Protein chains: 2
Amino acid sequence: MSVDRSGFMRRAIELSRTRLAAGEGGPFGAVVVKDGRIIGEGWNQVVGTNDPTAHAEIVAIRAACRHLGNFSLAGAELYTSCEPCPMCLAATLWARIEGIFYGNTRDDAAAIGFDDEYFYREVMLPLGERQLRAIRLLPDEARAVFTEWAAGSDRVKY
Amino acid sequence: MSVDRSGFMRRAIELSRTRLAAGEGGPFGAVVVKDGRIIGEGWNQVVGTNDPTAHAEIVAIRAACRHLGNFSLAGAELYTSCEPCPMCLAATLWARIEGIFYGNTRDDAAAIGFDDEYFYREVMLPLGERQLRAIRLLPDEARAVFTEWAAGSDRVKY
């Protein structure tokens with residue numbers, strides 16, 4: 001099967017442009033492809049929906065999962081107009097997507113005022129060294145639930 | 001104002017336990033707190049909703065944003081029964097949350113079979129060295145939309 005990778009990327013870029021004109025959020029578009037067909041599309045809707053997690057990739061992944069009725073996108077690929085931020089990259093991993101194609105880079109995004117590059121640096125720092133402080137509380141009470149989970153035999157792996 | 005940090009964490013842990021019993025997903029709960037009050041609650045719903053992004057923290061952040069009618073949670077704190085995975089940590093950053101309290105660690109999560117620690121390692125690797133391959137396509141066409149965005153004067157910063 002010949003795969004039209006440029007065609008899928010052009011669709012992601014097209015979503016980044018036309019939706020930008022609608023004022024819903026930043027200039028980002030994405031599509032999820034499986035078996036040679038687009039099964040989910042997304043564009044940035046942070047401002048339009050008041051949802052800071054509504055990045056193009058997250059929206060496309062959720063749409064593809066709805067389409068398949070499955071939380072796994074194993075065998076699928078993500079085409080995104082810009083290199084995913086750490087949130088979207090990790091979402092891609094959780095969704096078990098098997099390849100990413102991107103147009104702009106995180107540096108291109110930084111150059112027009114987005115914080116992707118800064119957030120990558122924060123995520124890479126040890127927990128105690130980040131600007132966003134994190135404090136541990138009630139570890140024993142929290143761990144008791146993990147123990148309960150581990151003891152269960154009917155857990156669905158995701 | 002005296003803040004009941006333990007009380008908020010207990011609520012996050014309670015959500016991790018009671019919803020676990022409902023079989024909707026993994027043993028994770030979270031609450032977003034602002035001005036001494038819970039404004040959003042979440043629990044893992046990956047399996048129940050077929051949404052790989054429906055982690056406790058993401059669900060809580062989206063709920064809090066709906067509550068406020070705002071994509072910014074500046075001034076808010078996140079209480080989560082487990083250290084956030086990279087997806088949820090970056091979502092916390094995008095939401096401009098100003099502090100994280102957590103119970104279990106990423107190592108605790110790894111010990112019961114979750115991939116948080118592996119995903120942290122993937123996110124930290126340079127793009128070309130990850131197991132999840134990423135290939136650049138059509139950079140000039142993608143960048144043209146960024147240029148268009150940068151030229152606009154009415155963009156809402158998020």
# chains A, B, ... in the order shown; residues from 1 in each chain; ligands from 1

call {"tool": "residues_around", "arguments": {"residues": "region 118-134 of chain A", "least_positions_apart": "6", "cutoff": "6 Å", "atoms": "only C-alpha atoms", "output": "NGL selection string"}}
result
:B and (99-101 or 124)

call {"tool": "closest_atom_pairs", "arguments": {"of": "chain A", "to": "chain B", "cutoff": "6 Å", "atoms": "only C-alpha atoms", "output": "JSON lines"}}
result
{"residue": "A:Ile13", "atom": "CA", "partner": "B:Ala142", "partner_atom": "CA", "distance": 5.8}
{"residue": "A:Arg17", "atom": "CA", "partner": "B:Val145", "partner_atom": "CA", "distance": 5.9}
{"residue": "A:Asn50", "atom": "CA", "partner": "B:Phe71", "partner_atom": "CA", "distance": 4.2}
{"residue": "A:Asp51", "atom": "CA", "partner": "B:Phe71", "partner_atom": "CA", "distance": 5.1}
{"residue": "A:Pro52", "atom": "CA", "partner": "B:Phe71", "partner_atom": "CA", "distance": 5.2}
{"residue": "A:Asn70", "atom": "CA", "partner": "B:Asn50", "partner_atom": "CA", "distance": 5.0}
{"residue": "A:Phe71", "atom": "CA", "partner": "B:Asn50", "partner_atom": "CA", "distance": 4.2}
{"residue": "A:Ser81", "atom": "CA", "partner": "B:Ala142", "partner_atom": "CA", "distance": 5.8}
{"residue": "A:Met87", "atom": "CA", "partner": "B:Met87", "partner_atom": "CA", "distance": 3.8}
{"residue": "A:Ala90", "atom": "CA", "partner": "B:Met87", "partner_atom": "CA", "distance": 4.9}
{"residue": "A:Ala91", "atom": "CA", "partner": "B:Met87", "partner_atom": "CA", "distance": 6.0}
{"residue": "A:Ala95", "atom": "CA", "partner": "B:Pro52", "partner_atom": "CA", "distance": 5.6}
{"residue": "A:Gly99", "atom": "CA", "partner": "B:Arg133", "partner_atom": "CA", "distance": 5.3}
{"residue": "A:Ile100", "atom": "CA", "partner": "B:Ala134", "partner_atom": "CA", "distance": 4.5}
{"residue": "A:Phe101", "atom": "CA", "partner": "B:Ile135", "partner_atom": "CA", "distance": 4.9}
{"residue": "A:Tyr102", "atom": "CA", "partner": "B:Arg136", "partner_atom": "CA", "distance": 5.0}
{"residue": "A:Gly103", "atom": "CA", "partner": "B:Pro139", "partner_atom": "CA", "distance": 4.5}
{"residue": "A:Asn104", "atom": "CA", "partner": "B:Pro139", "partner_atom": "CA", "distance": 5.6}
{"residue": "A:Ile112", "atom": "CA", "partner": "B:Ala150", "partner_atom": "CA", "distance": 5.9}
{"residue": "A:Met124", "atom": "CA", "partner": "B:Met124", "partner_atom": "CA", "distance": 5.6}
{"residue": "A:Leu132", "atom": "CA", "partner": "B:Gly99", "partner_atom": "CA", "distance": 5.9}
{"residue": "A:Arg133", "atom": "CA", "partner": "B:Gly99", "partner_atom": "CA", "distance": 5.3}
{"residue": "A:Ala134", "atom": "CA", "partner": "B:Ile100", "partner_atom": "CA", "distance": 4.5}
{"residue": "A:Ile135", "atom": "CA", "partner": "B:Phe101", "partner_atom": "CA", "distance": 4.9}
{"residue": "A:Arg136", "atom": "CA", "partner": "B:Tyr102", "partner_atom": "CA", "distance": 5.0}
{"residue": "A:Leu137", "atom": "CA", "partner": "B:Gly103", "partner_atom": "CA", "distance": 5.2}
{"residue": "A:Leu138", "atom": "CA", "partner": "B:Gly103", "partner_atom": "CA", "distance": 5.7}
{"residue": "A:Pro139", "atom": "CA", "partner": "B:Gly103", "partner_atom": "CA", "distance": 4.5}
{"residue": "A:Ala142", "atom": "CA", "partner": "B:Gly103", "partner_atom": "CA", "distance": 5.3}
{"residue": "A:Arg143", "atom": "CA", "partner": "B:Asn104", "partner_atom": "CA", "distance": 5.9}
{"residue": "A:Val145", "atom": "CA", "partner": "B:Arg17", "partner_atom": "CA", "distance": 5.9}
{"residue": "A:Ala150", "atom": "CA", "partner": "B:Ile112", "partner_atom": "CA", "distance": 5.9}

call {"tool": "write_last_selection", "arguments": {"atoms": "N, CA and C atoms", "output": "tab-separated table (two decimals), in the first residue's frame"}}
result
chain	number	residue	atom	x	y	z
A	13	ILE	N	-1.84	20.50	8.24
A	13	ILE	CA	-1.48	21.92	8.08
A	13	ILE	C	-2.71	22.75	7.71
A	17	ARG	N	-4.48	26.02	9.65
A	17	ARG	CA	-4.71	27.34	9.05
A	17	ARG	C	-6.18	27.76	9.10
A	50	ASN	N	-12.25	26.99	26.27
A	50	ASN	CA	-11.72	27.18	27.63
A	50	ASN	C	-11.17	25.87	28.20
A	51	ASP	N	-10.40	25.17	27.39
A	51	ASP	CA	-9.81	23.90	27.83
A	51	ASP	C	-8.32	23.89	27.48
A	52	PRO	N	-7.47	24.04	28.50
A	52	PRO	CA	-6.03	24.12	28.23
A	52	PRO	C	-5.45	22.83	27.68
A	70	ASN	N	-12.18	2.51	21.15
A	70	ASN	CA	-11.05	1.82	21.80
A	70	ASN	C	-10.09	2.87	22.35
A	71	PHE	N	-9.51	2.58	23.52
A	71	PHE	CA	-8.53	3.52	24.08
A	71	PHE	C	-7.13	3.31	23.49
A	81	SER	N	0.96	19.41	12.63
A	81	SER	CA	1.61	20.55	11.96
A	81	SER	C	2.81	21.06	12.75
A	87	MET	N	2.91	17.31	26.74
A	87	MET	CA	1.58	16.77	27.02
A	87	MET	C	1.11	15.88	25.87
A	90	ALA	N	3.28	12.64	25.34
A	90	ALA	CA	2.94	11.58	26.29
A	90	ALA	C	1.56	10.99	25.97
A	91	ALA	N	0.63	11.82	25.52
A	91	ALA	CA	-0.69	11.31	25.11
A	91	ALA	C	-0.53	10.33	23.94
A	95	ALA	N	-1.57	6.46	24.01
A	95	ALA	CA	-2.50	5.94	23.00
A	95	ALA	C	-1.87	4.82	22.18
A	99	GLY	N	3.99	6.09	15.32
A	99	GLY	CA	4.88	6.96	14.56
A	99	GLY	C	4.31	8.37	14.53
A	100	ILE	N	5.22	9.36	14.51
A	100	ILE	CA	4.82	10.76	14.48
A	100	ILE	C	5.44	11.43	13.26
A	101	PHE	N	4.65	12.22	12.55
A	101	PHE	CA	5.15	13.07	11.49
A	101	PHE	C	4.80	14.51	11.86
A	102	TYR	N	5.77	15.41	11.76
A	102	TYR	CA	5.54	16.78	12.22
A	102	TYR	C	6.14	17.77	11.23
A	103	GLY	N	5.60	19.00	11.23
A	103	GLY	CA	6.08	20.04	10.33
A	103	GLY	C	6.99	21.03	11.04
A	104	ASN	N	6.41	21.91	11.85
A	104	ASN	CA	7.21	22.85	12.63
A	104	ASN	C	7.86	22.16	13.83
A	112	ILE	N	7.35	31.94	18.07
A	112	ILE	CA	6.12	32.73	17.93
A	112	ILE	C	5.38	32.81	19.27
A	124	MET	N	11.74	17.68	32.14
A	124	MET	CA	12.98	16.93	32.21
A	124	MET	C	13.71	17.10	33.54
A	132	LEU	N	7.74	24.81	38.98
A	132	LEU	CA	6.46	24.37	39.53
A	132	LEU	C	6.74	23.42	40.69
A	133	ARG	N	6.51	23.89	41.89
A	133	ARG	CA	6.89	23.09	43.06
A	133	ARG	C	5.93	21.91	43.24
A	134	ALA	N	6.47	20.81	43.77
A	134	ALA	CA	5.67	19.60	44.02
A	134	ALA	C	6.04	19.05	45.39
A	135	ILE	N	5.02	18.81	46.20
A	135	ILE	CA	5.24	18.39	47.59
A	135	ILE	C	4.48	17.09	47.83
A	136	ARG	N	5.12	16.14	48.49
A	136	ARG	CA	4.49	14.84	48.75
A	136	ARG	C	3.67	14.90	50.04
A	137	LEU	N	2.49	14.30	49.97
A	137	LEU	CA	1.58	14.29	51.12
A	137	LEU	C	0.94	12.90	51.27
A	138	LEU	N	0.77	12.43	52.49
A	138	LEU	CA	0.02	11.20	52.80
A	138	LEU	C	0.40	10.00	51.92
A	139	PRO	N	1.68	9.73	51.75
A	139	PRO	CA	2.07	8.61	50.87
A	139	PRO	C	1.50	7.26	51.30
A	142	ALA	N	-2.13	6.98	50.20
A	142	ALA	CA	-2.20	6.88	48.74
A	142	ALA	C	-1.77	5.48	48.29
A	143	ARG	N	-0.70	4.98	48.89
A	143	ARG	CA	-0.16	3.70	48.43
A	143	ARG	C	-1.12	2.54	48.73
A	145	VAL	N	-4.16	2.34	48.14
A	145	VAL	CA	-5.04	2.12	46.98
A	145	VAL	C	-4.30	1.39	45.86
A	150	ALA	N	-3.30	-3.60	42.84
A	150	ALA	CA	-2.38	-4.68	42.46
A	150	ALA	C	-2.94	-6.05	42.84

call {"tool": "atom_distance", "arguments": {"atom1": "CA of Leu15 (chain B)", "atom2": "CA of Ala56 (chain A)"}}
result
28.9 Å

call {"tool": "select_by_dssp", "arguments": {"residues": "chain B", "states": "helix (DSSP H, G or I)", "output": "number ranges by chain"}}
result
B: 5-21, 46-49, 56-68, 86-94, 106-111, 116-124, 127-129, 139-151

call {"tool": "select_by_dssp", "arguments": {"residues": "region 27-64 of chain A", "states": "strand (DSSP E or B)", "output": "MDAnalysis selection string"}}
result
chainID A and resid 29:34 37:43

call {"tool": "write_last_selection", "arguments": {"atoms": "C-alpha atoms", "output": "PDB file, in the first residue's frame"}}
result
ATOM      1  CA  GLY A  29      -3.634  20.960  13.402  1.00  0.00           C
ATOM      2  CA  ALA A  30      -3.332  17.170  13.563  1.00  0.00           C
ATOM      3  CA  VAL A  31      -4.759  13.973  12.103  1.00  0.00           C
ATOM      4  CA  VAL A  32      -4.570  10.333  13.207  1.00  0.00           C
ATOM      5  CA  VAL A  33      -4.184   7.809  10.380  1.00  0.00           C
ATOM      6  CA  LYS A  34      -4.731   4.062  10.487  1.00  0.00           C
ATOM      7  CA  ARG A  37      -7.283   6.458   6.298  1.00  0.00           C
ATOM      8  CA  ILE A  38      -7.790   9.466   8.584  1.00  0.00           C
ATOM      9  CA  ILE A  39      -9.738   8.292  11.651  1.00  0.00           C
ATOM     10  CA  GLY A  40      -9.520  11.472  13.739  1.00  0.00           C
ATOM     11  CA  GLU A  41      -8.892  15.168  13.160  1.00  0.00           C
ATOM     12  CA  GLY A  42      -8.035  17.928  15.601  1.00  0.00           C
ATOM     13  CA  TRP A  43      -7.107  21.579  15.829  1.00  0.00           C
TER      14      TRP A  43
END

call {"tool": "atom_distance", "arguments": {"atom1": "CA of Gly75 (chain B)", "atom2": "CA of Glu57 (chain A)"}}
result
26.8 Å

call {"tool": "decode", "arguments": {"residues": "region 62-73 of chain B", "atoms": "all heavy atoms", "output": "JSON list (two decimals), in the first residue's frame"}}
result
[["chain", "number", "residue", "atom", "x", "y", "z"],
["B", 62, "ARG", "N", -9.92, 19.86, 33.37],
["B", 62, "ARG", "CA", -11.00, 20.24, 32.45],
["B", 62, "ARG", "C", -12.25, 20.64, 33.23],
["B", 62, "ARG", "O", -12.95, 21.59, 32.86],
["B", 62, "ARG", "CB", -11.30, 19.10, 31.48],
["B", 62, "ARG", "CG", -10.06, 18.74, 30.61],
["B", 62, "ARG", "CD", -10.35, 17.60, 29.65],
["B", 62, "ARG", "NE", -11.05, 18.07, 28.48],
["B", 62, "ARG", "CZ", -11.98, 17.41, 27.83],
["B", 62, "ARG", "NH1", -12.32, 16.20, 28.23],
["B", 62, "ARG", "NH2", -12.57, 17.93, 26.79],
["B", 63, "ALA", "N", -12.53, 19.91, 34.32],
["B", 63, "ALA", "CA", -13.71, 20.23, 35.14],
["B", 63, "ALA", "C", -13.55, 21.61, 35.78],
["B", 63, "ALA", "O", -14.49, 22.41, 35.82],
["B", 63, "ALA", "CB", -13.91, 19.15, 36.20],
["B", 64, "ALA", "N", -12.35, 21.89, 36.29],
["B", 64, "ALA", "CA", -12.11, 23.18, 36.95],
["B", 64, "ALA", "C", -12.23, 24.33, 35.94],
["B", 64, "ALA", "O", -12.79, 25.39, 36.27],
["B", 64, "ALA", "CB", -10.73, 23.18, 37.60],
["B", 65, "CYS", "N", -11.74, 24.11, 34.72],
["B", 65, "CYS", "CA", -11.83, 25.16, 33.69],
["B", 65, "CYS", "C", -13.29, 25.39, 33.28],
["B", 65, "CYS", "O", -13.70, 26.54, 33.07],
["B", 65, "CYS", "CB", -10.98, 24.77, 32.48],
["B", 65, "CYS", "SG", -9.20, 24.93, 32.79],
["B", 66, "ARG", "N", -14.05, 24.32, 33.19],
["B", 66, "ARG", "CA", -15.49, 24.48, 32.90],
["B", 66, "ARG", "C", -16.15, 25.29, 34.01],
["B", 66, "ARG", "O", -16.95, 26.19, 33.76],
["B", 66, "ARG", "CB", -16.17, 23.11, 32.79],
["B", 66, "ARG", "CG", -16.14, 22.48, 31.41],
["B", 66, "ARG", "CD", -17.18, 21.35, 31.28],
["B", 66, "ARG", "NE", -17.06, 20.36, 32.33],
["B", 66, "ARG", "CZ", -16.23, 19.32, 32.27],
["B", 66, "ARG", "NH1", -15.45, 19.13, 31.23],
["B", 66, "ARG", "NH2", -16.18, 18.45, 33.28],
["B", 67, "HIS", "N", -15.79, 24.96, 35.25],
["B", 67, "HIS", "CA", -16.37, 25.65, 36.42],
["B", 67, "HIS", "C", -16.08, 27.15, 36.37],
["B", 67, "HIS", "O", -16.97, 27.97, 36.64],
["B", 67, "HIS", "CB", -15.81, 25.03, 37.70],
["B", 67, "HIS", "CG", -16.30, 25.68, 38.95],
["B", 67, "HIS", "ND1", -17.56, 25.45, 39.49],
["B", 67, "HIS", "CD2", -15.71, 26.58, 39.79],
["B", 67, "HIS", "CE1", -17.71, 26.17, 40.58],
["B", 67, "HIS", "NE2", -16.61, 26.86, 40.79],
["B", 68, "LEU", "N", -14.84, 27.50, 36.04],
["B", 68, "LEU", "CA", -14.45, 28.92, 36.01],
["B", 68, "LEU", "C", -14.79, 29.61, 34.69],
["B", 68, "LEU", "O", -14.79, 30.84, 34.61],
["B", 68, "LEU", "CB", -12.95, 29.07, 36.26],
["B", 68, "LEU", "CG", -12.38, 28.64, 37.61],
["B", 68, "LEU", "CD1", -10.88, 28.95, 37.67],
["B", 68, "LEU", "CD2", -13.10, 29.34, 38.77],
["B", 69, "GLY", "N", -15.03, 28.81, 33.64],
["B", 69, "GLY", "CA", -15.22, 29.40, 32.31],
["B", 69, "GLY", "C", -13.95, 30.07, 31.82],
["B", 69, "GLY", "O", -13.99, 31.13, 31.19],
["B", 70, "ASN", "N", -12.79, 29.43, 32.10],
["B", 70, "ASN", "CA", -11.50, 30.04, 31.79],
["B", 70, "ASN", "C", -10.49, 28.94, 31.49],
["B", 70, "ASN", "O", -10.51, 27.90, 32.15],
["B", 70, "ASN", "CB", -11.03, 30.86, 32.99],
["B", 70, "ASN", "CG", -9.96, 31.88, 32.63],
["B", 70, "ASN", "OD1", -9.04, 31.60, 31.87],
["B", 70, "ASN", "ND2", -10.10, 33.08, 33.17],
["B", 71, "PHE", "N", -9.60, 29.18, 30.52],
["B", 71, "PHE", "CA", -8.57, 28.17, 30.23],
["B", 71, "PHE", "C", -7.37, 28.30, 31.16],
["B", 71, "PHE", "O", -6.46, 27.49, 31.10],
["B", 71, "PHE", "CB", -8.14, 28.23, 28.76],
["B", 71, "PHE", "CG", -7.71, 29.60, 28.30],
["B", 71, "PHE", "CD1", -6.47, 30.10, 28.65],
["B", 71, "PHE", "CD2", -8.55, 30.38, 27.52],
["B", 71, "PHE", "CE1", -6.07, 31.36, 28.22],
["B", 71, "PHE", "CE2", -8.16, 31.65, 27.09],
["B", 71, "PHE", "CZ", -6.92, 32.13, 27.45],
["B", 72, "SER", "N", -7.39, 29.33, 32.01],
["B", 72, "SER", "CA", -6.28, 29.50, 32.96],
["B", 72, "SER", "C", -6.73, 29.15, 34.38],
["B", 72, "SER", "O", -7.78, 29.59, 34.84],
["B", 72, "SER", "CB", -5.79, 30.95, 32.95],
["B", 72, "SER", "OG", -4.90, 31.16, 34.03],
["B", 73, "LEU", "N", -5.90, 28.35, 35.05],
["B", 73, "LEU", "CA", -6.13, 28.04, 36.46],
["B", 73, "LEU", "C", -5.05, 28.70, 37.32],
["B", 73, "LEU", "O", -4.64, 28.16, 38.35],
["B", 73, "LEU", "CB", -6.16, 26.52, 36.67],
["B", 73, "LEU", "CG", -7.28, 25.77, 35.92],
["B", 73, "LEU", "CD1", -7.13, 24.26, 36.10],
["B", 73, "LEU", "CD2", -8.66, 26.22, 36.43]]
